Amino acid sequence: AHRMEMLGEPGKVTISGNTFKFIEPYFLCTFRGKVKSKSKELIDMYTVDRIKPELSVNGEGLYPNEKFKEIVNLHFYSTINYYKAERHIIRVLEKQLSPKLHYHSIAHTKDVCDAIERLALSEGITDEALFLLKSAATYHDAGFVEQYEHNEPIGARMAEEILPDYGYSPQHIEQIKELIFVTQIPHKPKNNLEEIMCDADLDYLGREDFHEIADRLRLELREHGKIDSDRA
């Protein structure tokens, strides 16, 4: 803490990577790079920017609202250890995803996770369903580590193999598998959670970065022989 205070900017809250792991569910933070401790060990450094808009009064990021308290209780009292489970699959994706996946990359997985959280909180979901949605988001494209086509069953199998180690019950995993399968095109959601999952998966279609992301999809489809021209 003393090292973070020494290296931090005046008027800003600076924290280590270990602290960031604890507050990540509630606050927006900016990664500032790695710094050396007195023992010459490298430490991740972040600045705390604000409370997440969905968890703050009037979305201003200054004062916590009731949802903030509900999410804190969820993390403290749920049997699910979501963030450890997330870090596990992210490590797998970082090591095994092909560099030719310009669209279905780890960035897409993180993007869908962020969209899931935003949409779920706006729908008032602050119970374990939030963990199930975010878990499905982290696994919905994990099957790409093994094959390009029909990868959803592989992602579902990976979730079934890995998630029991992080407090997920068989009922949790069955629901996660259903959320993974609903991302198959064409989408056919049957309930509110599945609608949120589908909306998050295609969230970029209505954003300012649409052209940049769609261009990555075009490049990926060409490199995998799915289209033979830019016009297609």
# chains A, B, ... in the order shown; residues from 1 in each chain; ligands from 1

$ residues_around --residues "Cys113 in chain A" --least-positions-apart "4" --cutoff "7 Å" --atoms "only C-alpha atoms" --output "compact mmCIF listing (two decimals) with N, CA, C and O atoms, in the first residue's frame"
# COMPACT_ATOMS: atom_id res chain seq x y z
N THR A 109 -14.60 -12.46 -26.19
CA THR A 109 -15.11 -13.08 -24.97
C THR A 109 -15.26 -12.03 -23.87
O THR A 109 -16.29 -11.96 -23.19
N GLU A 117 -22.86 -8.14 -18.24
CA GLU A 117 -22.98 -7.49 -16.93
C GLU A 117 -23.82 -6.23 -17.03
O GLU A 117 -24.71 -5.99 -16.20
N LYS A 134 -22.50 -14.66 -16.90
CA LYS A 134 -21.10 -14.31 -17.18
C LYS A 134 -20.26 -15.57 -17.41
O LYS A 134 -19.35 -15.55 -18.24
N ALA A 137 -20.85 -16.66 -20.87
CA ALA A 137 -20.14 -15.77 -21.78
C ALA A 137 -18.67 -16.17 -21.91
O ALA A 137 -18.10 -16.16 -23.02
N THR A 138 -18.04 -16.56 -20.82
CA THR A 138 -16.62 -16.91 -20.88
C THR A 138 -16.39 -18.24 -21.59
O THR A 138 -15.30 -18.49 -22.10

$ select_by_dssp --residues "range 102-167 of chain A" --states "alpha helix (DSSP H)" --output "compact mmCIF listing (two decimals) with N, CA and C atoms, in the first residue's frame"
# COMPACT_ATOMS: atom_id res chain seq x y z
N ILE A 106 -10.02 -13.60 -27.69
CA ILE A 106 -10.25 -13.39 -26.26
C ILE A 106 -10.88 -12.01 -26.02
N ALA A 107 -10.60 -11.06 -26.92
CA ALA A 107 -11.21 -9.73 -26.79
C ALA A 107 -12.72 -9.82 -26.95
N HIS A 108 -13.19 -10.69 -27.86
CA HIS A 108 -14.63 -10.87 -28.04
C HIS A 108 -15.26 -11.46 -26.78
N THR A 109 -14.60 -12.46 -26.19
CA THR A 109 -15.11 -13.08 -24.97
C THR A 109 -15.26 -12.03 -23.87
N LYS A 110 -14.23 -11.20 -23.68
CA LYS A 110 -14.29 -10.16 -22.65
C LYS A 110 -15.35 -9.12 -22.98
N ASP A 111 -15.51 -8.81 -24.25
CA ASP A 111 -16.51 -7.83 -24.69
C ASP A 111 -17.92 -8.33 -24.36
N VAL A 112 -18.19 -9.62 -24.64
CA VAL A 112 -19.50 -10.19 -24.35
C VAL A 112 -19.75 -10.22 -22.84
N CYS A 113 -18.70 -10.52 -22.06
CA CYS A 113 -18.82 -10.50 -20.59
C CYS A 113 -19.23 -9.13 -20.09
N ASP A 114 -18.58 -8.10 -20.63
CA ASP A 114 -18.91 -6.73 -20.21
C ASP A 114 -20.35 -6.38 -20.59
N ALA A 115 -20.76 -6.78 -21.78
CA ALA A 115 -22.13 -6.50 -22.23
C ALA A 115 -23.14 -7.26 -21.38
N ILE A 116 -22.82 -8.51 -21.04
CA ILE A 116 -23.69 -9.32 -20.17
C ILE A 116 -23.93 -8.60 -18.85
N GLU A 117 -22.86 -8.14 -18.24
CA GLU A 117 -22.98 -7.49 -16.93
C GLU A 117 -23.82 -6.23 -17.03
N ARG A 118 -23.57 -5.44 -18.05
CA ARG A 118 -24.32 -4.18 -18.22
C ARG A 118 -25.80 -4.45 -18.42
N LEU A 119 -26.12 -5.39 -19.30
CA LEU A 119 -27.52 -5.70 -19.61
C LEU A 119 -28.22 -6.36 -18.42
N ALA A 120 -27.53 -7.28 -17.77
CA ALA A 120 -28.14 -7.99 -16.64
C ALA A 120 -28.45 -7.04 -15.49
N LEU A 121 -27.51 -6.15 -15.18
CA LEU A 121 -27.75 -5.21 -14.09
C LEU A 121 -28.88 -4.24 -14.44
N SER A 122 -28.96 -3.86 -15.71
CA SER A 122 -30.05 -2.96 -16.12
C SER A 122 -31.40 -3.66 -16.03
N GLU A 128 -27.53 -15.09 -8.32
CA GLU A 128 -26.57 -16.00 -8.96
C GLU A 128 -26.77 -16.11 -10.46
N ALA A 129 -27.92 -15.69 -10.96
CA ALA A 129 -28.14 -15.69 -12.41
C ALA A 129 -27.09 -14.84 -13.12
N LEU A 130 -26.59 -13.79 -12.45
CA LEU A 130 -25.54 -12.96 -13.04
C LEU A 130 -24.27 -13.78 -13.25
N PHE A 131 -23.90 -14.59 -12.26
CA PHE A 131 -22.73 -15.45 -12.40
C PHE A 131 -22.93 -16.48 -13.52
N LEU A 132 -24.13 -17.02 -13.64
CA LEU A 132 -24.40 -18.01 -14.67
C LEU A 132 -24.28 -17.39 -16.06
N LEU A 133 -24.81 -16.18 -16.22
CA LEU A 133 -24.71 -15.49 -17.50
C LEU A 133 -23.25 -15.20 -17.86
N LYS A 134 -22.50 -14.66 -16.90
CA LYS A 134 -21.10 -14.31 -17.18
C LYS A 134 -20.26 -15.57 -17.41
N SER A 135 -20.57 -16.64 -16.71
CA SER A 135 -19.85 -17.89 -16.93
C SER A 135 -20.11 -18.42 -18.34
N ALA A 136 -21.38 -18.37 -18.76
CA ALA A 136 -21.72 -18.80 -20.12
C ALA A 136 -20.98 -17.95 -21.14
N ALA A 137 -20.85 -16.66 -20.87
CA ALA A 137 -20.14 -15.77 -21.78
C ALA A 137 -18.67 -16.17 -21.91
N THR A 138 -18.04 -16.56 -20.82
CA THR A 138 -16.62 -16.91 -20.88
C THR A 138 -16.39 -18.24 -21.59
N TYR A 139 -17.41 -19.10 -21.65
CA TYR A 139 -17.26 -20.41 -22.28
C TYR A 139 -17.94 -20.51 -23.64
N GLU A 152 -19.88 -25.04 -30.10
CA GLU A 152 -20.64 -24.86 -28.86
C GLU A 152 -20.64 -26.10 -27.97
N PRO A 153 -20.81 -27.32 -28.53
CA PRO A 153 -20.76 -28.51 -27.66
C PRO A 153 -19.42 -28.66 -26.93
N ILE A 154 -18.35 -28.20 -27.56
CA ILE A 154 -17.03 -28.30 -26.93
C ILE A 154 -16.95 -27.32 -25.75
N GLY A 155 -17.42 -26.10 -25.95
CA GLY A 155 -17.44 -25.13 -24.86
C GLY A 155 -18.29 -25.62 -23.70
N ALA A 156 -19.44 -26.24 -24.01
CA ALA A 156 -20.31 -26.78 -22.97
C ALA A 156 -19.61 -27.91 -22.20
N ARG A 157 -18.89 -28.76 -22.95
CA ARG A 157 -18.15 -29.85 -22.30
C ARG A 157 -17.05 -29.31 -21.39
N MET A 158 -16.35 -28.26 -21.83
CA MET A 158 -15.29 -27.67 -21.01
C MET A 158 -15.87 -27.08 -19.74
N ALA A 159 -17.03 -26.42 -19.85
CA ALA A 159 -17.69 -25.88 -18.66
C ALA A 159 -18.06 -26.98 -17.69
N GLU A 160 -18.54 -28.10 -18.22
CA GLU A 160 -18.93 -29.24 -17.39
C GLU A 160 -17.73 -29.84 -16.68
N GLU A 161 -16.56 -29.80 -17.32
CA GLU A 161 -15.35 -30.38 -16.73
C GLU A 161 -14.70 -29.47 -15.70
N ILE A 162 -14.72 -28.17 -15.96
CA ILE A 162 -13.95 -27.22 -15.14
C ILE A 162 -14.74 -26.61 -13.99

$ residues_around --residues "range 21-26 of chain A" --least-positions-apart "6" --cutoff "8 Å" --atoms "only C-alpha atoms" --output "list in words"
Ile51, Lys52, Leu55, Phe68, Ile71 and Val72 of chain A

$ residues_around --residues "Ala1 in chain A" --least-positions-apart "5" --cutoff "9 Å" --atoms "only C-alpha atoms" --output "JSON, numbers by chain"
{"A": [6, 14, 15, 16]}

$ write_last_selection --atoms "N, CA and C atoms" --output "mmCIF file, in the first residue's frame"
data_model
loop_
_atom_site.group_PDB
_atom_site.id
_atom_site.type_symbol
_atom_site.label_atom_id
_atom_site.label_comp_id
_atom_site.auth_asym_id
_atom_site.auth_seq_id
_atom_site.Cartn_x
_atom_site.Cartn_y
_atom_site.Cartn_z
ATOM 1 N N MET A 6 3.259 5.916 -2.913
ATOM 2 C CA MET A 6 4.445 6.637 -3.404
ATOM 3 C C MET A 6 4.381 6.858 -4.912
ATOM 4 N N THR A 14 -4.658 4.848 -6.078
ATOM 5 C CA THR A 14 -3.812 3.876 -6.773
ATOM 6 C C THR A 14 -3.749 2.594 -5.966
ATOM 7 N N ILE A 15 -3.940 1.462 -6.641
ATOM 8 C CA ILE A 15 -3.987 0.163 -5.956
ATOM 9 C C ILE A 15 -3.121 -0.857 -6.689
ATOM 10 N N SER A 16 -2.824 -1.935 -5.993
ATOM 11 C CA SER A 16 -2.056 -3.039 -6.593
ATOM 12 C C SER A 16 -2.998 -3.997 -7.308
#

$ closest_atom_pairs --of "range 110-206 of chain A" --to "range 91-95 of chain A" --cutoff "9 Å" --atoms "only C-alpha atoms" --output "CSV"
residue,atom,partner,partner_atom,distance
A:Ala142,CA,A:Leu93,CA,6.8
A:Phe144,CA,A:Leu93,CA,8.9
A:Val145,CA,A:Leu93,CA,7.1

$ write_last_selection --atoms "N, CA and C atoms" --output "JSON list (two decimals), in the first residue's frame"
[["chain", "number", "residue", "atom", "x", "y", "z"],
["A", 142, "ALA", "N", -15.34, -20.93, -26.19],
["A", 142, "ALA", "CA", -14.13, -21.66, -25.77],
["A", 142, "ALA", "C", -13.85, -22.84, -26.69],
["A", 144, "PHE", "N", -13.59, -22.95, -29.71],
["A", 144, "PHE", "CA", -12.69, -22.60, -30.82],
["A", 144, "PHE", "C", -11.26, -23.08, -30.58],
["A", 145, "VAL", "N", -10.92, -23.44, -29.34],
["A", 145, "VAL", "CA", -9.56, -23.96, -29.10],
["A", 145, "VAL", "C", -9.38, -25.32, -29.77]]

$ atom_distance --atom1 "CA of Ile80 in chain A" --atom2 "CA of Asp141 in chain A"
21.2 Å

$ closest_residue --among "A:Lys69, A:Phe76, A:Tyr166, A:Leu28" --to "Ile89 in chain A" --atoms "only C-alpha atoms"
A:Tyr166

$ closest_residue --among "A:Val35, A:Val48, A:Leu62, A:Ile173" --to "Lys12 in chain A" --atoms "only C-alpha atoms"
A:Val48

$ closest_residue --among "A:Ser39, A:Gly124, A:Cys29, A:Pro10" --to "Glu66 in chain A" --atoms "only C-alpha atoms"
A:Gly124

$ select_by_dssp --residues "range 17-175 of chain A" --states "strand (DSSP E)" --output "number ranges by chain"
A: 27-36, 42-51

$ residues_around --residues "Leu42 in chain A" --least-positions-apart "4" --cutoff "12 Å" --atoms "only C-alpha atoms" --output "ChimeraX atom specification"
/A:3,16-17,33-38

$ closest_residue --among "A:Leu179, A:Val13, A:Leu101, A:Ile213" --to "Asp199 in chain A" --atoms "only C-alpha atoms"
A:Leu179

$ closest_residue --among "A:Arg218, A:His150, A:His75, A:Arg50" --to "Gln184 in chain A" --atoms "only C-alpha atoms"
A:His150

$ atom_distance --atom1 "CA of His104 in chain A" --atom2 "CA of Glu220 in chain A"
8.4 Å

$ atom_distance --atom1 "CA of Asp127 in chain A" --atom2 "CA of Leu74 in chain A"
6.3 Å
